[in-house]
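my_file.cif (mmCIF, N, CA and C atoms) appears below.
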data_coords
loop_
_atom_site.label_atom_id
_atom_site.label_comp_id
_atom_site.auth_asym_id
_atom_site.auth_seq_id
_atom_site.Cartn_x
_atom_site.Cartn_y
_atom_site.Cartn_z
N MET A 1 14.66 -21.67 110.43
CA MET A 1 14.42 -23.08 110.18
C MET A 1 12.96 -23.43 110.45
N SER A 2 12.42 -22.95 111.57
CA SER A 2 11.04 -23.29 111.89
C SER A 2 10.08 -22.71 110.86
N GLN A 3 10.38 -21.52 110.33
CA GLN A 3 9.53 -20.94 109.30
C GLN A 3 9.50 -21.85 108.08
N MET A 4 10.67 -22.37 107.68
CA MET A 4 10.73 -23.26 106.52
C MET A 4 9.91 -24.53 106.78
N TRP A 5 10.00 -25.05 108.00
CA TRP A 5 9.28 -26.29 108.33
C TRP A 5 7.77 -26.05 108.34
N VAL A 6 7.33 -24.94 108.89
CA VAL A 6 5.89 -24.62 108.93
C VAL A 6 5.36 -24.41 107.51
N GLU A 7 6.11 -23.64 106.71
CA GLU A 7 5.67 -23.42 105.33
C GLU A 7 5.65 -24.73 104.55
N GLY A 8 6.66 -25.57 104.75
CA GLY A 8 6.76 -26.80 103.99
C GLY A 8 5.74 -27.85 104.37
N THR A 9 5.47 -28.00 105.66
CA THR A 9 4.56 -29.05 106.11
C THR A 9 3.11 -28.60 106.14
N LEU A 10 2.85 -27.33 106.43
CA LEU A 10 1.47 -26.84 106.55
C LEU A 10 1.04 -25.97 105.37
N GLY A 11 2.01 -25.53 104.57
CA GLY A 11 1.67 -24.69 103.43
C GLY A 11 1.24 -23.30 103.82
N ILE A 12 1.72 -22.81 104.94
CA ILE A 12 1.32 -21.49 105.44
C ILE A 12 2.49 -20.53 105.28
N VAL A 13 2.24 -19.41 104.62
CA VAL A 13 3.24 -18.35 104.54
C VAL A 13 2.95 -17.39 105.70
N PRO A 14 3.92 -17.20 106.62
CA PRO A 14 3.65 -16.35 107.78
C PRO A 14 3.41 -14.89 107.38
N LYS A 15 2.51 -14.27 108.10
CA LYS A 15 2.26 -12.84 107.92
C LYS A 15 3.04 -12.10 108.99
N LEU A 16 3.74 -11.10 108.57
CA LEU A 16 4.51 -10.30 109.51
C LEU A 16 3.65 -9.16 110.04
N ALA A 17 3.84 -8.88 111.33
CA ALA A 17 3.13 -7.75 111.92
C ALA A 17 3.62 -6.47 111.25
N PRO A 18 2.74 -5.47 111.11
CA PRO A 18 3.16 -4.20 110.50
C PRO A 18 4.39 -3.63 111.21
N LYS A 19 5.26 -3.07 110.44
CA LYS A 19 6.45 -2.37 110.91
C LYS A 19 7.52 -3.31 111.48
N ILE A 20 7.44 -4.60 111.21
CA ILE A 20 8.51 -5.50 111.66
C ILE A 20 9.67 -5.45 110.69
N MET A 21 9.38 -5.60 109.41
CA MET A 21 10.43 -5.54 108.40
C MET A 21 10.04 -4.47 107.38
N LEU A 22 10.80 -3.39 107.38
CA LEU A 22 10.49 -2.28 106.48
C LEU A 22 11.66 -2.06 105.51
N ASN A 23 11.33 -1.60 104.31
CA ASN A 23 12.38 -1.24 103.37
C ASN A 23 12.83 0.20 103.63
N GLU A 24 13.71 0.72 102.78
CA GLU A 24 14.25 2.07 102.97
C GLU A 24 13.17 3.15 102.92
N GLU A 25 12.09 2.89 102.19
CA GLU A 25 11.01 3.88 102.10
C GLU A 25 10.01 3.76 103.24
N GLY A 26 10.17 2.78 104.11
CA GLY A 26 9.25 2.59 105.23
C GLY A 26 8.07 1.71 104.91
N ASP A 27 8.08 1.04 103.75
CA ASP A 27 6.99 0.13 103.39
C ASP A 27 7.29 -1.27 103.91
N ASN A 28 6.22 -2.01 104.24
CA ASN A 28 6.40 -3.39 104.70
C ASN A 28 7.05 -4.24 103.63
N ILE A 29 7.95 -5.10 104.06
CA ILE A 29 8.57 -6.07 103.17
C ILE A 29 7.73 -7.34 103.26
N THR A 30 7.35 -7.87 102.14
CA THR A 30 6.59 -9.12 102.14
C THR A 30 7.55 -10.27 101.86
N LEU A 31 7.28 -11.39 102.50
CA LEU A 31 8.12 -12.57 102.30
C LEU A 31 7.77 -13.23 100.97
N SER A 32 8.78 -13.76 100.31
CA SER A 32 8.51 -14.46 99.06
C SER A 32 7.82 -15.80 99.36
N ASP A 33 7.08 -16.31 98.40
CA ASP A 33 6.36 -17.57 98.57
C ASP A 33 7.30 -18.73 98.21
N ASN A 34 7.79 -19.38 99.23
CA ASN A 34 8.72 -20.50 99.05
C ASN A 34 8.07 -21.84 99.41
N ARG A 35 6.74 -21.87 99.45
CA ARG A 35 6.05 -23.09 99.88
C ARG A 35 6.45 -24.31 99.05
N LYS A 36 6.58 -24.16 97.75
CA LYS A 36 6.91 -25.30 96.89
C LYS A 36 8.27 -25.90 97.26
N MET A 37 9.28 -25.03 97.40
CA MET A 37 10.61 -25.50 97.75
C MET A 37 10.62 -26.09 99.16
N PHE A 38 9.99 -25.40 100.12
CA PHE A 38 9.97 -25.88 101.49
C PHE A 38 9.18 -27.17 101.62
N SER A 39 8.13 -27.33 100.82
CA SER A 39 7.36 -28.56 100.82
C SER A 39 8.22 -29.73 100.33
N LYS A 40 9.02 -29.47 99.32
CA LYS A 40 9.93 -30.49 98.79
C LYS A 40 10.93 -30.91 99.88
N TRP A 41 11.46 -29.95 100.62
CA TRP A 41 12.39 -30.26 101.69
C TRP A 41 11.69 -31.04 102.82
N ALA A 42 10.44 -30.64 103.15
CA ALA A 42 9.70 -31.32 104.21
C ALA A 42 9.44 -32.78 103.83
N GLN A 43 9.12 -33.03 102.57
CA GLN A 43 8.92 -34.42 102.12
C GLN A 43 10.22 -35.21 102.20
N LYS A 44 11.31 -34.58 101.83
CA LYS A 44 12.61 -35.25 101.87
C LYS A 44 12.99 -35.63 103.30
N TRP A 45 12.71 -34.77 104.25
CA TRP A 45 13.11 -34.98 105.64
C TRP A 45 11.99 -35.49 106.53
N GLN A 46 10.85 -35.90 105.97
CA GLN A 46 9.69 -36.25 106.80
C GLN A 46 9.94 -37.44 107.73
N ASP A 47 10.82 -38.35 107.35
CA ASP A 47 11.08 -39.52 108.19
C ASP A 47 12.25 -39.32 109.15
N GLU A 48 12.85 -38.15 109.11
CA GLU A 48 13.97 -37.85 109.99
C GLU A 48 13.69 -36.56 110.74
N ASP A 49 14.48 -36.32 111.73
CA ASP A 49 14.39 -35.05 112.45
C ASP A 49 15.26 -34.04 111.71
N PRO A 50 14.67 -33.01 111.10
CA PRO A 50 15.47 -32.07 110.32
C PRO A 50 16.30 -31.13 111.18
N TYR A 51 16.06 -31.10 112.47
CA TYR A 51 16.80 -30.21 113.35
C TYR A 51 18.04 -30.90 113.88
N ARG A 52 19.12 -30.19 113.92
CA ARG A 52 20.36 -30.68 114.50
C ARG A 52 20.68 -29.79 115.69
N PHE A 53 20.91 -30.38 116.82
CA PHE A 53 21.18 -29.62 118.02
C PHE A 53 22.69 -29.50 118.23
N THR A 54 23.11 -28.30 118.58
CA THR A 54 24.52 -28.03 118.74
C THR A 54 24.74 -27.05 119.89
N LYS A 55 25.90 -27.15 120.49
CA LYS A 55 26.25 -26.19 121.53
C LYS A 55 27.04 -25.02 120.95
N ALA A 56 27.28 -25.05 119.63
CA ALA A 56 28.05 -23.99 118.99
C ALA A 56 27.22 -22.72 118.79
N ILE A 57 25.89 -22.86 118.71
CA ILE A 57 25.00 -21.73 118.49
C ILE A 57 23.99 -21.69 119.63
N HIS A 58 23.68 -20.51 120.11
CA HIS A 58 22.65 -20.40 121.14
C HIS A 58 21.76 -19.20 120.84
N ASN A 59 20.48 -19.36 121.06
CA ASN A 59 19.50 -18.31 120.80
C ASN A 59 19.17 -17.60 122.11
N TYR A 60 19.69 -16.41 122.27
CA TYR A 60 19.38 -15.58 123.43
C TYR A 60 18.47 -14.42 123.03
N ALA A 61 17.58 -14.65 122.09
CA ALA A 61 16.73 -13.57 121.57
C ALA A 61 16.05 -12.85 122.73
N ALA A 62 16.12 -11.52 122.68
CA ALA A 62 15.50 -10.64 123.68
C ALA A 62 15.97 -10.95 125.10
N THR A 63 17.23 -11.32 125.26
CA THR A 63 17.77 -11.67 126.56
C THR A 63 18.86 -10.67 126.95
N ASN A 64 18.78 -10.17 128.15
CA ASN A 64 19.82 -9.30 128.68
C ASN A 64 20.78 -10.16 129.49
N LEU A 65 22.06 -10.05 129.17
CA LEU A 65 23.07 -10.89 129.81
C LEU A 65 24.28 -10.09 130.23
N ILE A 66 25.00 -10.63 131.21
CA ILE A 66 26.35 -10.16 131.45
C ILE A 66 27.26 -11.30 131.00
N PRO A 67 28.48 -11.01 130.63
CA PRO A 67 29.35 -12.02 130.01
C PRO A 67 29.47 -13.35 130.75
N ARG A 68 29.41 -13.34 132.09
CA ARG A 68 29.59 -14.61 132.82
C ARG A 68 28.43 -15.58 132.61
N HIS A 69 27.30 -15.10 132.08
CA HIS A 69 26.16 -15.98 131.82
C HIS A 69 26.27 -16.75 130.52
N LEU A 70 27.22 -16.37 129.67
CA LEU A 70 27.36 -17.04 128.38
C LEU A 70 28.00 -18.41 128.58
N GLY A 71 27.64 -19.33 127.71
CA GLY A 71 28.19 -20.67 127.76
C GLY A 71 29.30 -20.86 126.74
N PRO A 72 29.47 -22.09 126.26
CA PRO A 72 30.56 -22.38 125.33
C PRO A 72 30.25 -22.09 123.87
N GLU A 73 29.09 -21.49 123.59
CA GLU A 73 28.69 -21.27 122.21
C GLU A 73 29.62 -20.29 121.49
N TYR A 74 29.75 -20.48 120.17
CA TYR A 74 30.57 -19.60 119.34
C TYR A 74 29.73 -18.55 118.64
N ILE A 75 28.49 -18.87 118.31
CA ILE A 75 27.59 -17.97 117.61
C ILE A 75 26.43 -17.67 118.55
N ILE A 76 26.17 -16.40 118.76
CA ILE A 76 25.13 -15.99 119.70
C ILE A 76 24.11 -15.15 118.95
N HIS A 77 22.84 -15.53 119.08
CA HIS A 77 21.76 -14.79 118.42
C HIS A 77 21.00 -13.97 119.44
N GLY A 78 20.90 -12.68 119.22
CA GLY A 78 19.95 -11.84 119.92
C GLY A 78 20.30 -11.37 121.31
N ALA A 79 21.42 -11.73 121.87
CA ALA A 79 21.71 -11.33 123.25
C ALA A 79 22.13 -9.87 123.31
N LYS A 80 21.70 -9.21 124.36
CA LYS A 80 22.17 -7.87 124.66
C LYS A 80 23.14 -8.01 125.84
N LEU A 81 24.41 -7.75 125.57
CA LEU A 81 25.42 -7.93 126.61
C LEU A 81 25.67 -6.62 127.35
N TYR A 82 25.74 -6.74 128.66
CA TYR A 82 26.02 -5.60 129.51
C TYR A 82 27.20 -5.94 130.41
N SER A 83 27.98 -4.97 130.73
CA SER A 83 29.07 -5.19 131.68
C SER A 83 28.51 -5.14 133.09
N PRO A 84 29.00 -6.01 133.96
CA PRO A 84 28.52 -5.95 135.34
C PRO A 84 29.00 -4.66 135.99
N TRP A 85 28.24 -4.17 136.95
CA TRP A 85 28.63 -2.93 137.59
C TRP A 85 29.79 -3.18 138.53
N ASP A 86 30.53 -2.14 138.77
CA ASP A 86 31.69 -2.18 139.65
C ASP A 86 31.27 -1.57 140.98
N PRO A 87 31.12 -2.41 142.04
CA PRO A 87 30.64 -1.88 143.33
C PRO A 87 31.57 -0.83 143.94
N SER A 88 32.85 -0.83 143.52
CA SER A 88 33.75 0.18 144.07
C SER A 88 33.49 1.55 143.45
N ARG A 89 32.84 1.57 142.28
CA ARG A 89 32.54 2.84 141.60
C ARG A 89 31.08 3.26 141.77
N THR A 90 30.18 2.30 141.88
CA THR A 90 28.75 2.60 141.94
C THR A 90 28.09 1.75 143.02
N GLU A 91 27.41 2.41 143.93
CA GLU A 91 26.68 1.68 144.95
C GLU A 91 25.25 1.42 144.48
N ILE A 92 24.73 0.25 144.83
CA ILE A 92 23.37 -0.12 144.43
C ILE A 92 22.58 -0.44 145.69
N THR A 93 21.40 0.14 145.77
CA THR A 93 20.52 -0.08 146.91
C THR A 93 19.36 -0.97 146.47
N LEU A 94 19.10 -2.00 147.24
CA LEU A 94 17.95 -2.87 147.01
C LEU A 94 16.78 -2.32 147.84
N VAL A 95 15.67 -2.03 147.17
CA VAL A 95 14.49 -1.53 147.86
C VAL A 95 13.40 -2.60 147.79
N ILE A 96 12.89 -2.98 148.96
CA ILE A 96 11.87 -4.04 149.06
C ILE A 96 10.59 -3.42 149.58
N SER A 97 9.49 -3.69 148.91
CA SER A 97 8.17 -3.25 149.40
C SER A 97 7.58 -4.37 150.24
N GLU A 98 7.39 -4.12 151.50
CA GLU A 98 6.84 -5.11 152.44
C GLU A 98 5.34 -4.91 152.52
N TRP A 99 4.58 -5.92 152.10
CA TRP A 99 3.13 -5.80 152.11
C TRP A 99 2.49 -6.48 153.32
N PHE A 100 3.12 -7.52 153.81
CA PHE A 100 2.60 -8.23 154.98
C PHE A 100 3.70 -8.30 156.03
N PHE A 101 3.33 -8.39 157.26
CA PHE A 101 4.26 -8.36 158.37
C PHE A 101 5.32 -9.46 158.24
N ASP A 102 6.58 -9.08 158.25
CA ASP A 102 7.74 -9.97 158.27
C ASP A 102 7.86 -10.89 157.05
N ARG A 103 7.22 -10.57 155.94
CA ARG A 103 7.36 -11.43 154.75
C ARG A 103 8.77 -11.36 154.16
N SER A 104 9.45 -10.26 154.36
CA SER A 104 10.79 -10.11 153.80
C SER A 104 11.88 -10.59 154.74
N LEU A 105 11.52 -11.08 155.91
CA LEU A 105 12.50 -11.53 156.89
C LEU A 105 13.41 -12.62 156.34
N ASN A 106 12.84 -13.58 155.63
CA ASN A 106 13.63 -14.66 155.04
C ASN A 106 14.64 -14.12 154.03
N LEU A 107 14.21 -13.16 153.22
CA LEU A 107 15.11 -12.55 152.25
C LEU A 107 16.26 -11.83 152.95
N ILE A 108 15.94 -11.09 153.99
CA ILE A 108 16.97 -10.34 154.73
C ILE A 108 17.99 -11.31 155.33
N LYS A 109 17.53 -12.40 155.93
CA LYS A 109 18.44 -13.39 156.49
C LYS A 109 19.32 -14.00 155.40
N SER A 110 18.73 -14.26 154.24
CA SER A 110 19.47 -14.83 153.12
C SER A 110 20.53 -13.85 152.62
N LEU A 111 20.19 -12.57 152.54
CA LEU A 111 21.15 -11.56 152.07
C LEU A 111 22.36 -11.46 152.99
N ASP A 112 22.12 -11.65 154.29
CA ASP A 112 23.22 -11.56 155.25
C ASP A 112 24.27 -12.64 155.01
N SER A 113 23.84 -13.79 154.50
CA SER A 113 24.79 -14.91 154.34
C SER A 113 25.25 -15.12 152.91
N LYS A 114 24.81 -14.30 151.98
CA LYS A 114 25.14 -14.48 150.56
C LYS A 114 25.98 -13.32 150.04
N ASP A 115 26.70 -13.62 148.97
CA ASP A 115 27.44 -12.58 148.27
C ASP A 115 26.47 -11.87 147.32
N HIS A 116 26.32 -10.58 147.46
CA HIS A 116 25.42 -9.81 146.61
C HIS A 116 26.04 -8.43 146.37
N PRO A 117 25.57 -7.74 145.35
CA PRO A 117 26.19 -6.45 145.00
C PRO A 117 25.61 -5.24 145.72
N PHE A 118 24.64 -5.45 146.62
CA PHE A 118 23.94 -4.33 147.21
C PHE A 118 24.74 -3.71 148.36
N SER A 119 24.84 -2.40 148.33
CA SER A 119 25.54 -1.70 149.41
C SER A 119 24.58 -1.39 150.57
N GLU A 120 23.30 -1.38 150.25
CA GLU A 120 22.29 -1.05 151.26
C GLU A 120 20.99 -1.73 150.90
N VAL A 121 20.20 -2.10 151.92
CA VAL A 121 18.88 -2.68 151.70
C VAL A 121 17.88 -1.84 152.46
N ILE A 122 16.84 -1.39 151.77
CA ILE A 122 15.79 -0.58 152.40
C ILE A 122 14.48 -1.34 152.28
N ILE A 123 13.78 -1.46 153.39
CA ILE A 123 12.47 -2.11 153.39
C ILE A 123 11.41 -1.05 153.60
N MET A 124 10.51 -0.96 152.64
CA MET A 124 9.41 -0.01 152.73
C MET A 124 8.21 -0.75 153.35
N VAL A 125 7.69 -0.22 154.43
CA VAL A 125 6.57 -0.87 155.10
C VAL A 125 5.35 0.07 155.04
N PRO A 126 4.15 -0.53 154.92
CA PRO A 126 2.95 0.32 154.91
C PRO A 126 2.72 0.94 156.28
N SER A 127 2.16 2.12 156.29
CA SER A 127 1.90 2.76 157.58
C SER A 127 0.52 2.46 158.08
#

Let's see the structure in the file written out as structure tokens.
Amino acid sequence: MSQMWVEGTLGIVPKLAPKIMLNEEGDNITLSDNRKMFSKWAQKWQDEDPYRFTKAIHNYAATNLIPRHLGPEYIIHGAKLYSPWDPSRTEITLVISEWFFDRSLNLIKSLDSKDHPFSEVIIMVPS
């Protein structure tokens, strides 16, 4: 949608970075010039907001998620879903690099009172 709006209002056809969209032979795919059509749409919608906001679609482009982070959306764009780890099968150790004296003390106190998946916490201190 934003590409259509930019082309229609500014008359700019976006240039794709090399190797973003390739055909079967490995050659760059060029976008067709739709400025005339998009300009017509931009003029039609210039006095209104052409965007409609909905909770049915969500853009999680380049986002790593576990299922509990998803909301009520029905259509999801770009999310990479991962299953949460099972602490009974896999132990996870949190390793903290301590650069200044007692800087991690607050974190350690917080971990003691919070629910977290770590089976062990190791603090690395400079010698």

| Residues within 6 Å of Ile92 in chain A, only N, CA and C atoms, excluding chain neighbours under 3 positions, as a ChimeraX atom specification | /A:117-120

| request: Would you kindly translate the PyMOL selection byres (((chain A and resi 56 and name CA) around 9) and name CA) into the concrete residues it picks from this file, as a PyMOL selection string? | output: chain A and resi 53-55+57-58+72-76

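Atom N of Leu111 in chain A is positioned 13.0 Å from CA of Ile123 in chain A.
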
| said: Please extract the residues of chain A with a backbone DSSP assignment of strand (DSSP E or B) and present them as a PyMOL selection string. | reply: chain A and resi 22+28+57-65+75-81+92-97+118-124

| Expected selection from the PyMOL selection byres ((chain A and resi 95-99) around 5), given as a list in words | Thr93, Leu94, Phe100, Phe101, Ile122, Ile123, Met124 and Val125 of chain A

| query | Which of these, A:Leu22, A:Asp49, A:Gly78, A:Ser110, has the shortest distance to Ala61 in chain A once you count all atoms listed in the file? | reply | A:Gly78

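With distances restricted to only C-alpha atoms, A:Lys80 is the closest residue to Asn59 in chain A from A:Lys80, A:Lys109, A:Lys44, A:Lys36.
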
| atom C of Leu10 in chain A and CA of Ser39 in chain A, how far apart in Å? | 8.2 Å

| said: Please expand the PyMOL selection byres ((chain A and resi 81-86) around 6.5) into the concrete residues it hits in this file, giving the result as a list in words. | reply: Thr63, Asn64, Leu65, Ile66, Pro67, Ala79, Lys80, Pro87, Ser88, Arg89, Thr90 and Glu91 of chain A

| field | Minimum-distance residue to Trp5 in chain A, chosen among A:Ser113, A:Ile29, A:Trp41, A:Asn23 (using all atoms listed in the file) | value | A:Trp41

| query | Using only C-alpha atoms, which of A:Gly11, A:Ile108, A:His77, A:Asp47 sits nearest Asn34 in chain A? | reply | A:Gly11

Please, could all heavy atoms be added to range 31-42 of chain A and the result written as a PDB file, keeping the file's coordinate frame?
ATOM      1  N   LEU A  31       7.280 -11.390 102.500  1.00  0.00           N
ATOM      2  CA  LEU A  31       8.120 -12.570 102.300  1.00  0.00           C
ATOM      3  C   LEU A  31       7.770 -13.230 100.970  1.00  0.00           C
ATOM      4  O   LEU A  31       6.605 -13.250 100.559  1.00  0.00           O
ATOM      5  CB  LEU A  31       7.903 -13.569 103.431  1.00  0.00           C
ATOM      6  CG  LEU A  31       8.312 -13.087 104.835  1.00  0.00           C
ATOM      7  CD1 LEU A  31       7.954 -14.143 105.860  1.00  0.00           C
ATOM      8  CD2 LEU A  31       9.786 -12.768 104.883  1.00  0.00           C
ATOM      9  N   SER A  32       8.780 -13.760 100.310  1.00  0.00           N
ATOM     10  CA  SER A  32       8.510 -14.460  99.060  1.00  0.00           C
ATOM     11  C   SER A  32       7.820 -15.800  99.360  1.00  0.00           C
ATOM     12  O   SER A  32       7.967 -16.354 100.448  1.00  0.00           O
ATOM     13  CB  SER A  32       9.805 -14.682  98.290  1.00  0.00           C
ATOM     14  OG  SER A  32      10.731 -15.380  99.089  1.00  0.00           O
ATOM     15  N   ASP A  33       7.080 -16.310  98.400  1.00  0.00           N
ATOM     16  CA  ASP A  33       6.360 -17.570  98.570  1.00  0.00           C
ATOM     17  C   ASP A  33       7.300 -18.730  98.210  1.00  0.00           C
ATOM     18  O   ASP A  33       7.563 -19.006  97.049  1.00  0.00           O
ATOM     19  CB  ASP A  33       5.121 -17.568  97.662  1.00  0.00           C
ATOM     20  CG  ASP A  33       4.238 -18.767  97.915  1.00  0.00           C
ATOM     21  OD1 ASP A  33       4.686 -19.713  98.612  1.00  0.00           O
ATOM     22  OD2 ASP A  33       3.103 -18.773  97.421  1.00  0.00           O
ATOM     23  N   ASN A  34       7.790 -19.380  99.230  1.00  0.00           N
ATOM     24  CA  ASN A  34       8.720 -20.500  99.050  1.00  0.00           C
ATOM     25  C   ASN A  34       8.070 -21.840  99.410  1.00  0.00           C
ATOM     26  O   ASN A  34       8.762 -22.813  99.665  1.00  0.00           O
ATOM     27  CB  ASN A  34       9.960 -20.297  99.921  1.00  0.00           C
ATOM     28  CG  ASN A  34      10.777 -19.108  99.477  1.00  0.00           C
ATOM     29  OD1 ASN A  34      11.108 -18.990  98.306  1.00  0.00           O
ATOM     30  ND2 ASN A  34      11.085 -18.224 100.410  1.00  0.00           N
ATOM     31  N   ARG A  35       6.740 -21.870  99.450  1.00  0.00           N
ATOM     32  CA  ARG A  35       6.050 -23.090  99.880  1.00  0.00           C
ATOM     33  C   ARG A  35       6.450 -24.310  99.050  1.00  0.00           C
ATOM     34  O   ARG A  35       6.620 -25.399  99.598  1.00  0.00           O
ATOM     35  CB  ARG A  35       4.540 -22.893  99.855  1.00  0.00           C
ATOM     36  CG  ARG A  35       4.051 -22.001 100.990  1.00  0.00           C
ATOM     37  CD  ARG A  35       2.583 -21.805 100.935  1.00  0.00           C
ATOM     38  NE  ARG A  35       2.272 -20.984  99.749  1.00  0.00           N
ATOM     39  CZ  ARG A  35       1.064 -20.637  99.399  1.00  0.00           C
ATOM     40  NH1 ARG A  35       0.027 -21.028 100.105  1.00  0.00           N
ATOM     41  NH2 ARG A  35       0.858 -19.890  98.337  1.00  0.00           N
ATOM     42  N   LYS A  36       6.580 -24.160  97.750  1.00  0.00           N
ATOM     43  CA  LYS A  36       6.910 -25.300  96.890  1.00  0.00           C
ATOM     44  C   LYS A  36       8.270 -25.900  97.260  1.00  0.00           C
ATOM     45  O   LYS A  36       8.396 -27.108  97.440  1.00  0.00           O
ATOM     46  CB  LYS A  36       6.877 -24.871  95.420  1.00  0.00           C
ATOM     47  CG  LYS A  36       6.996 -25.999  94.447  1.00  0.00           C
ATOM     48  CD  LYS A  36       6.802 -25.503  93.018  1.00  0.00           C
ATOM     49  CE  LYS A  36       6.877 -26.655  92.038  1.00  0.00           C
ATOM     50  NZ  LYS A  36       6.678 -26.200  90.655  1.00  0.00           N
ATOM     51  N   MET A  37       9.280 -25.030  97.400  1.00  0.00           N
ATOM     52  CA  MET A  37      10.610 -25.500  97.750  1.00  0.00           C
ATOM     53  C   MET A  37      10.620 -26.090  99.160  1.00  0.00           C
ATOM     54  O   MET A  37      11.172 -27.158  99.397  1.00  0.00           O
ATOM     55  CB  MET A  37      11.612 -24.349  97.664  1.00  0.00           C
ATOM     56  CG  MET A  37      13.027 -24.741  98.043  1.00  0.00           C
ATOM     57  SD  MET A  37      14.220 -23.401  97.876  1.00  0.00           S
ATOM     58  CE  MET A  37      13.530 -22.118  98.895  1.00  0.00           C
ATOM     59  N   PHE A  38       9.990 -25.400 100.120  1.00  0.00           N
ATOM     60  CA  PHE A  38       9.970 -25.880 101.490  1.00  0.00           C
ATOM     61  C   PHE A  38       9.180 -27.170 101.620  1.00  0.00           C
ATOM     62  O   PHE A  38       9.498 -28.040 102.437  1.00  0.00           O
ATOM     63  CB  PHE A  38       9.426 -24.809 102.433  1.00  0.00           C
ATOM     64  CG  PHE A  38      10.307 -23.588 102.559  1.00  0.00           C
ATOM     65  CD1 PHE A  38       9.784 -22.378 102.960  1.00  0.00           C
ATOM     66  CD2 PHE A  38      11.664 -23.651 102.278  1.00  0.00           C
ATOM     67  CE1 PHE A  38      10.588 -21.253 103.079  1.00  0.00           C
ATOM     68  CE2 PHE A  38      12.485 -22.536 102.391  1.00  0.00           C
ATOM     69  CZ  PHE A  38      11.939 -21.330 102.795  1.00  0.00           C
ATOM     70  N   SER A  39       8.130 -27.330 100.820  1.00  0.00           N
ATOM     71  CA  SER A  39       7.360 -28.560 100.820  1.00  0.00           C
ATOM     72  C   SER A  39       8.220 -29.730 100.330  1.00  0.00           C
ATOM     73  O   SER A  39       8.166 -30.826 100.878  1.00  0.00           O
ATOM     74  CB  SER A  39       6.124 -28.407  99.937  1.00  0.00           C
ATOM     75  OG  SER A  39       5.405 -29.616  99.892  1.00  0.00           O
ATOM     76  N   LYS A  40       9.020 -29.470  99.320  1.00  0.00           N
ATOM     77  CA  LYS A  40       9.930 -30.490  98.790  1.00  0.00           C
ATOM     78  C   LYS A  40      10.930 -30.910  99.880  1.00  0.00           C
ATOM     79  O   LYS A  40      11.190 -32.108 100.070  1.00  0.00           O
ATOM     80  CB  LYS A  40      10.669 -29.926  97.573  1.00  0.00           C
ATOM     81  CG  LYS A  40      11.598 -30.883  96.890  1.00  0.00           C
ATOM     82  CD  LYS A  40      12.212 -30.196  95.664  1.00  0.00           C
ATOM     83  CE  LYS A  40      13.324 -31.039  95.087  1.00  0.00           C
ATOM     84  NZ  LYS A  40      13.980 -30.359  93.960  1.00  0.00           N
ATOM     85  N   TRP A  41      11.460 -29.950 100.620  1.00  0.00           N
ATOM     86  CA  TRP A  41      12.390 -30.260 101.690  1.00  0.00           C
ATOM     87  C   TRP A  41      11.690 -31.040 102.820  1.00  0.00           C
ATOM     88  O   TRP A  41      12.243 -31.977 103.369  1.00  0.00           O
ATOM     89  CB  TRP A  41      12.982 -28.989 102.280  1.00  0.00           C
ATOM     90  CG  TRP A  41      13.935 -28.266 101.368  1.00  0.00           C
ATOM     91  CD1 TRP A  41      14.417 -28.696 100.157  1.00  0.00           C
ATOM     92  CD2 TRP A  41      14.513 -26.996 101.589  1.00  0.00           C
ATOM     93  NE1 TRP A  41      15.252 -27.765  99.625  1.00  0.00           N
ATOM     94  CE2 TRP A  41      15.336 -26.689 100.477  1.00  0.00           C
ATOM     95  CE3 TRP A  41      14.418 -26.055 102.602  1.00  0.00           C
ATOM     96  CZ2 TRP A  41      16.067 -25.522 100.372  1.00  0.00           C
ATOM     97  CZ3 TRP A  41      15.135 -24.885 102.490  1.00  0.00           C
ATOM     98  CH2 TRP A  41      15.950 -24.618 101.398  1.00  0.00           C
ATOM     99  N   ALA A  42      10.440 -30.640 103.150  1.00  0.00           N
ATOM    100  CA  ALA A  42       9.700 -31.320 104.210  1.00  0.00           C
ATOM    101  C   ALA A  42       9.440 -32.780 103.830  1.00  0.00           C
ATOM    102  O   ALA A  42       9.529 -33.670 104.674  1.00  0.00           O
ATOM    103  CB  ALA A  42       8.382 -30.594 104.480  1.00  0.00           C
TER     104      ALA A  42
END
